[in-house]
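What follows is a short report on a single structure.
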Amino acid sequence: MHGYKFYKKASKAFHSYPPLSRLLLACTLSGGSALVAFSDGISFQRRVYADEGNRQCKKKKVVVLGTGWAATSFLKTLKSDNFEVQVVSPRSYFAFTPLLPSVSSGTVEARSIVEPIRNILKRRGFQVDFKEAECHKIEPDKKRVICRSTQTTNLGQKEEFSIDYDILIIAVGAQVNTFNTPGVSEHAHFMKEIGDAQKARNTVIDCFERASLPRISDEERERILHFVVVGGGPVGVEYAAELHDHVVQDISKLYPSIQDYVKITLLEAGDHILNMYDKRITSFAESKFKRDGIDVKTGSTVTMVTDKEVSAKDRAAGTSLSLPYGIVVWPTGIGSRPFVLDFMKQIGQGKRRLLATDEWLRVEGLDNVYALGDCATINQRRVMEDISAIFSKADRNNTGKLNKSEFKEVIGDICERYPQVEIHLKKSQMKDILTLLEKSSEGDDKQIDIEKF
Ligand SMILES: Cc1cc2nc3c(=O)[nH]c(=O)nc-3n(C[C@H](O)[C@H](O)[C@H](O)COP(=O)(O)OP(=O)(O)OC[C@H]3O[C@@H](n4cnc5c(N)ncnc54)[C@H](O)[C@@H]3O)c2cc1C
């Protein structure tokens with residue numbers, strides 16, 4: 001029933017204002033099926049028929065790259081089995097990333113924050129194929145992706161294969177960004193995948209064991225039990241806090257003779273940690289860390305990491321500092337994956353950092369490729385261009401002004417396209433959008449010109 005209403009609404013909008021109808025669909029169903037229904041305007045009606053039970057239409061092949069937040073959100077909302085869906089990812093499970101730092105401290109078990117993708121797909125109730133493989137090339141002109149299996153064959157090779165698509169969903173997230181800092185890839189720990197969190201946890205425990213050995217000098221013990229976290233963003237702060245609770249409140253009790261050597265340092269290049277949030281949050285976090293004995297060094301940019309030392313530059317003083325460490329964790333920065341960068345070059349987006357999409361998450365310049373999540377960014381439309389297009393369409397007799405009935409006709413479109421209008425109305429305690437017209441119209445004839453509009 002819901003689906004029927006949706007298509008009726010969409011179909012009406014499509015005929016009266018095609019570009020707008022695309023947005024309407026995307027807004028009405030903010031999930032994946034809307035994206036698929038939106039790959040192009042021409043085939044839209046055919047898909048509607050397909051959903052109404054016409055089985056003669058050939059199923060469109062939808063290929064989804066990734067099993068992270070973006071891909072699973074898409075898959076969970078895919079309601080129709082009228083597509084042939086293939087999912088490709090080197091990870092056969094979805095991971096709840098916000099709890100990774102808790103896995104690294106052992107508060108939460110890794111198995112509690114993962115869900116096998118095959119379970120998720122099974123619950124969809126229709127056939128979705130999954131391949132545990134990595135896409136390493138997208139060929140938009142041939143409409144296919146080239147993949148490499150993560151499993152090794154009997155011959156010790158990783159199988160390569162290609163998959164054709166009608167619609168491609170790129171949801172491959174991002175990779176760690178080391179900002180080309182020497183030594184980071186080789187020596188730092190990351191906090192991006194389940195394996196990273198488990199590895200960091202084991203290394204911390206190894207540090208305590210090594211520091212407990214009898215022939216270790218005090219200086220060496222101090223180094224081994226110095227834990228350095230780079231980056232005062234949300235993940236770095238979360239990790240430093242978890243690490244503190246883990247080592248100070250739990251592990252140190254098991255190693256009472258060496259607990260006084262434990263030190264945690266957080267390095268941040270900016271002037272404050274959590275600087276993307278409200279100042280009150282920043283100062284609360286900074287003072288809490290101070291109370292906990294976490295040494296927060298702001299204005300410090302890491303310049304190099306060796307196997308035992310982190311070098312950083314103090315921006316204000318212009319001096320260099322060198323921090324001997326036992327473990328250095330780099331939960332900072334994300335960058336595009338190499339095959340995504342290659343794809344971006346192919347489609348003329350080579351100078352960008354992330355894949356650019358329109359507001360329907362369609363990769364700019366391609367009708368059948370969508371990108372979502374950390375690998376993409378939405379290019380906002382120019383509001384004024386939209387406004388004048390809506391205005392001109394409503395202004396049927398070309399007077400340059402809208403009267404009440406003309407205005408009424410575009411209200412629906414405006415509210416669908418700009419949900420903030422309704423928020424504005426609520427905040428301003430206006431009954432409906434016509435009150436806006438009354439407020440801005442001239443004289444008694446209740447008309448509004450483009451400027452006021
Ligand atoms: C420790 C941590 C804590 C976080 N906490 C929060 C939080 O509290 N709130 C918040 O909003 N965000 C948080 N984030 C950020 C959030 O996890 C990301 O924004 C989110 O994961 C992005 O989703 P995504 O689907 O784009 O990428 P991901 O979730 O990273 O998924 C990418 C998927 O693509 C797959 N993939 C990779 N390469 C390929 C390839 N070549 N071919 C096919 N598939 C590929 C991967 O295996 C994975 O399945 C956190 C991140 C981390 C690391």
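Ordering of the structure tokens sets the chain letters (A, B, ...), residue numbers begin anew at 1 in every chain, and ligands are numbered from 1 in the order given.
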
Using DSSP on the backbone coordinates, identify all residues within segment 199-331 of chain A classified as alpha helix (DSSP H); present the result as an NGL selection string. :A and (199-211 or 218-224 or 234-244 or 252-254 or 279-292)

Keeping only N, CA and C atoms, write those residues as a CSV table (one decimal), in the first residue's frame.
```csv
chain,number,residue,atom,x,y,z
A,199,LYS,N,44.6,-5.9,17.0
A,199,LYS,CA,46.1,-5.8,17.0
A,199,LYS,C,46.6,-4.8,18.1
A,200,ALA,N,45.9,-3.6,18.1
A,200,ALA,CA,46.3,-2.6,19.1
A,200,ALA,C,46.2,-3.2,20.5
A,201,ARG,N,45.1,-3.9,20.8
A,201,ARG,CA,44.9,-4.5,22.1
A,201,ARG,C,46.1,-5.4,22.5
A,202,ASN,N,46.4,-6.3,21.5
A,202,ASN,CA,47.5,-7.3,21.8
A,202,ASN,C,48.8,-6.6,22.0
A,203,THR,N,49.0,-5.5,21.2
A,203,THR,CA,50.3,-4.8,21.4
A,203,THR,C,50.4,-4.1,22.7
A,204,VAL,N,49.3,-3.6,23.2
A,204,VAL,CA,49.3,-2.9,24.5
A,204,VAL,C,49.7,-4.0,25.6
A,205,ILE,N,49.1,-5.1,25.5
A,205,ILE,CA,49.4,-6.2,26.5
A,205,ILE,C,50.8,-6.6,26.4
A,206,ASP,N,51.3,-6.8,25.1
A,206,ASP,CA,52.7,-7.1,24.9
A,206,ASP,C,53.6,-6.1,25.5
A,207,CYS,N,53.3,-4.8,25.4
A,207,CYS,CA,54.1,-3.8,26.0
A,207,CYS,C,54.2,-4.0,27.6
A,208,PHE,N,53.1,-4.3,28.2
A,208,PHE,CA,53.2,-4.6,29.7
A,208,PHE,C,54.1,-5.8,30.0
A,209,GLU,N,53.9,-6.8,29.1
A,209,GLU,CA,54.7,-8.0,29.4
A,209,GLU,C,56.2,-7.7,29.2
A,210,ARG,N,56.5,-7.0,28.1
A,210,ARG,CA,57.9,-6.7,27.9
A,210,ARG,C,58.5,-5.8,29.0
A,211,ALA,N,57.7,-4.8,29.4
A,211,ALA,CA,58.1,-3.9,30.5
A,211,ALA,C,58.3,-4.6,31.8
A,218,ASP,N,65.1,1.2,33.3
A,218,ASP,CA,64.0,2.1,33.6
A,218,ASP,C,63.6,3.0,32.4
A,219,GLU,N,64.7,3.4,31.7
A,219,GLU,CA,64.5,4.3,30.6
A,219,GLU,C,63.7,3.5,29.5
A,220,GLU,N,64.1,2.3,29.3
A,220,GLU,CA,63.4,1.5,28.3
A,220,GLU,C,62.0,1.1,28.7
A,221,ARG,N,61.8,0.9,30.0
A,221,ARG,CA,60.5,0.6,30.5
A,221,ARG,C,59.6,1.8,30.3
A,222,GLU,N,60.1,3.0,30.5
A,222,GLU,CA,59.4,4.2,30.4
A,222,GLU,C,58.9,4.3,28.9
A,223,ARG,N,59.9,4.0,28.0
A,223,ARG,CA,59.5,4.1,26.5
A,223,ARG,C,58.4,3.1,26.2
A,224,ILE,N,58.6,1.8,26.7
A,224,ILE,CA,57.6,0.8,26.3
A,224,ILE,C,56.2,1.1,26.8
A,234,PRO,N,37.4,12.9,16.8
A,234,PRO,CA,36.5,12.0,17.7
A,234,PRO,C,37.1,10.6,17.9
A,235,VAL,N,37.6,10.0,16.9
A,235,VAL,CA,38.1,8.7,17.1
A,235,VAL,C,39.4,8.7,18.0
A,236,GLY,N,40.3,9.6,17.7
A,236,GLY,CA,41.5,9.7,18.6
A,236,GLY,C,41.2,9.9,20.0
A,237,VAL,N,40.2,10.8,20.3
A,237,VAL,CA,39.8,11.1,21.6
A,237,VAL,C,39.2,9.9,22.3
A,238,GLU,N,38.3,9.3,21.5
A,238,GLU,CA,37.6,8.1,22.0
A,238,GLU,C,38.6,7.0,22.4
A,239,TYR,N,39.5,6.8,21.5
A,239,TYR,CA,40.5,5.8,21.7
A,239,TYR,C,41.4,6.1,22.9
A,240,ALA,N,41.9,7.4,23.0
A,240,ALA,CA,42.7,7.8,24.1
A,240,ALA,C,42.0,7.5,25.5
A,241,ALA,N,40.7,7.9,25.5
A,241,ALA,CA,39.9,7.7,26.7
A,241,ALA,C,39.8,6.2,27.0
A,242,GLU,N,39.5,5.4,26.0
A,242,GLU,CA,39.3,3.9,26.2
A,242,GLU,C,40.7,3.3,26.7
A,243,LEU,N,41.7,3.8,26.0
A,243,LEU,CA,43.1,3.3,26.4
A,243,LEU,C,43.4,3.6,27.8
A,244,HIS,N,43.1,4.9,28.2
A,244,HIS,CA,43.3,5.3,29.6
A,244,HIS,C,42.6,4.4,30.6
A,252,SER,N,46.9,-2.0,34.7
A,252,SER,CA,47.9,-1.6,35.7
A,252,SER,C,47.8,-2.4,37.0
A,253,LYS,N,46.5,-2.8,37.3
A,253,LYS,CA,46.3,-3.5,38.6
A,253,LYS,C,46.9,-4.9,38.5
A,254,LEU,N,47.1,-5.4,37.3
A,254,LEU,CA,47.7,-6.7,37.1
A,254,LEU,C,49.3,-6.6,37.1
A,279,LYS,N,32.6,24.6,21.6
A,279,LYS,CA,33.8,24.9,22.5
A,279,LYS,C,33.6,24.2,23.8
A,280,ARG,N,32.4,24.1,24.3
A,280,ARG,CA,32.2,23.5,25.7
A,280,ARG,C,32.6,22.0,25.7
A,281,ILE,N,32.3,21.4,24.6
A,281,ILE,CA,32.7,19.9,24.5
A,281,ILE,C,34.2,19.8,24.5
A,282,THR,N,34.9,20.7,23.7
A,282,THR,CA,36.3,20.7,23.6
A,282,THR,C,36.9,21.0,24.9
A,283,SER,N,36.5,22.0,25.6
A,283,SER,CA,37.1,22.3,26.9
A,283,SER,C,36.8,21.2,28.0
A,284,PHE,N,35.6,20.6,27.9
A,284,PHE,CA,35.3,19.5,28.8
A,284,PHE,C,36.3,18.4,28.6
A,285,ALA,N,36.5,18.0,27.3
A,285,ALA,CA,37.4,16.9,27.0
A,285,ALA,C,38.8,17.2,27.4
A,286,GLU,N,39.3,18.4,27.1
A,286,GLU,CA,40.6,18.8,27.5
A,286,GLU,C,40.9,18.8,29.0
A,287,SER,N,39.9,19.3,29.8
A,287,SER,CA,40.1,19.3,31.2
A,287,SER,C,40.0,17.9,31.8
A,288,LYS,N,39.1,17.1,31.2
A,288,LYS,CA,39.0,15.7,31.7
A,288,LYS,C,40.3,14.9,31.5
A,289,PHE,N,40.8,15.1,30.3
A,289,PHE,CA,42.1,14.4,30.0
A,289,PHE,C,43.2,14.9,30.9
A,290,LYS,N,43.2,16.2,31.2
A,290,LYS,CA,44.2,16.7,32.2
A,290,LYS,C,44.1,16.1,33.5
A,291,ARG,N,42.8,16.0,34.0
A,291,ARG,CA,42.6,15.3,35.3
A,291,ARG,C,43.0,13.9,35.3
A,292,ASP,N,42.8,13.2,34.1
A,292,ASP,CA,43.2,11.8,34.0
A,292,ASP,C,44.7,11.6,33.8
```

Selection as a ChimeraX atom specification: residues within 7 Å of ligand 1 by only C-alpha atoms and all ligand atoms: /A:65-71,88-91,94,97-101,133-136,171-174,191-193,235,339,372-375

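Distances from A:Lys308, A:Lys131, A:Lys143, A:Lys61 to Ala188 of chain A were compared using only C-alpha atoms, and the smallest one belongs to A:Lys308.
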
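For the atom pair formed by atom CA of Asn397 of chain A and atom CA of Glu416 of chain A, the distance is 24.4 Å, given to one decimal.
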
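For Pro140 of chain A, the set of protein, DNA and RNA residues having any atom at most 12 Å away, when counting only C-alpha atoms and skipping those fewer than 2 positions along the same chain, is A:Lys137, A:Ile138, A:Lys142, A:Lys143, A:Arg144, A:Val145, A:Ile146, A:Ile163, A:Asp164, A:Tyr165, A:Asp166, A:Ile167, A:Leu168, A:Val340, A:Asp342, A:Phe343, A:Met344, A:Lys345, A:Gln346, A:Ile347, A:Val363, A:Gly365, A:Leu366, A:Asp367, A:Asn368, A:Val369, A:Tyr370.
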
Need the shell around Val302 of chain A: protein/DNA/RNA residues with any atom at most 9 Å away, counting only C-alpha atoms. Skip same-chain ones fewer than 4 positions apart. Format as number ranges by chain? A: 181, 230, 267-269, 310-313

Output file for the selection above: C-alpha atoms, as an mmCIF file, in the first residue's frame:
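Okay, this is what ended up in selection.cif:
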```cif
data_model
loop_
_atom_site.group_PDB
_atom_site.id
_atom_site.type_symbol
_atom_site.label_atom_id
_atom_site.label_comp_id
_atom_site.auth_asym_id
_atom_site.auth_seq_id
_atom_site.Cartn_x
_atom_site.Cartn_y
_atom_site.Cartn_z
ATOM 1 C CA THR A 181 54.261 11.033 6.909
ATOM 2 C CA VAL A 230 47.957 10.867 17.013
ATOM 3 C CA LEU A 267 49.217 14.727 19.753
ATOM 4 C CA GLU A 268 46.991 17.150 17.871
ATOM 5 C CA ALA A 269 48.102 19.473 15.064
ATOM 6 C CA VAL A 310 57.618 9.705 17.129
ATOM 7 C CA SER A 311 58.997 13.035 15.917
ATOM 8 C CA ALA A 312 56.734 16.063 15.970
ATOM 9 C CA LYS A 313 56.975 19.753 15.363
#
```

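The space between atom CA of Val248 of chain A and atom CA of Leu323 of chain A spans 20.2 Å.
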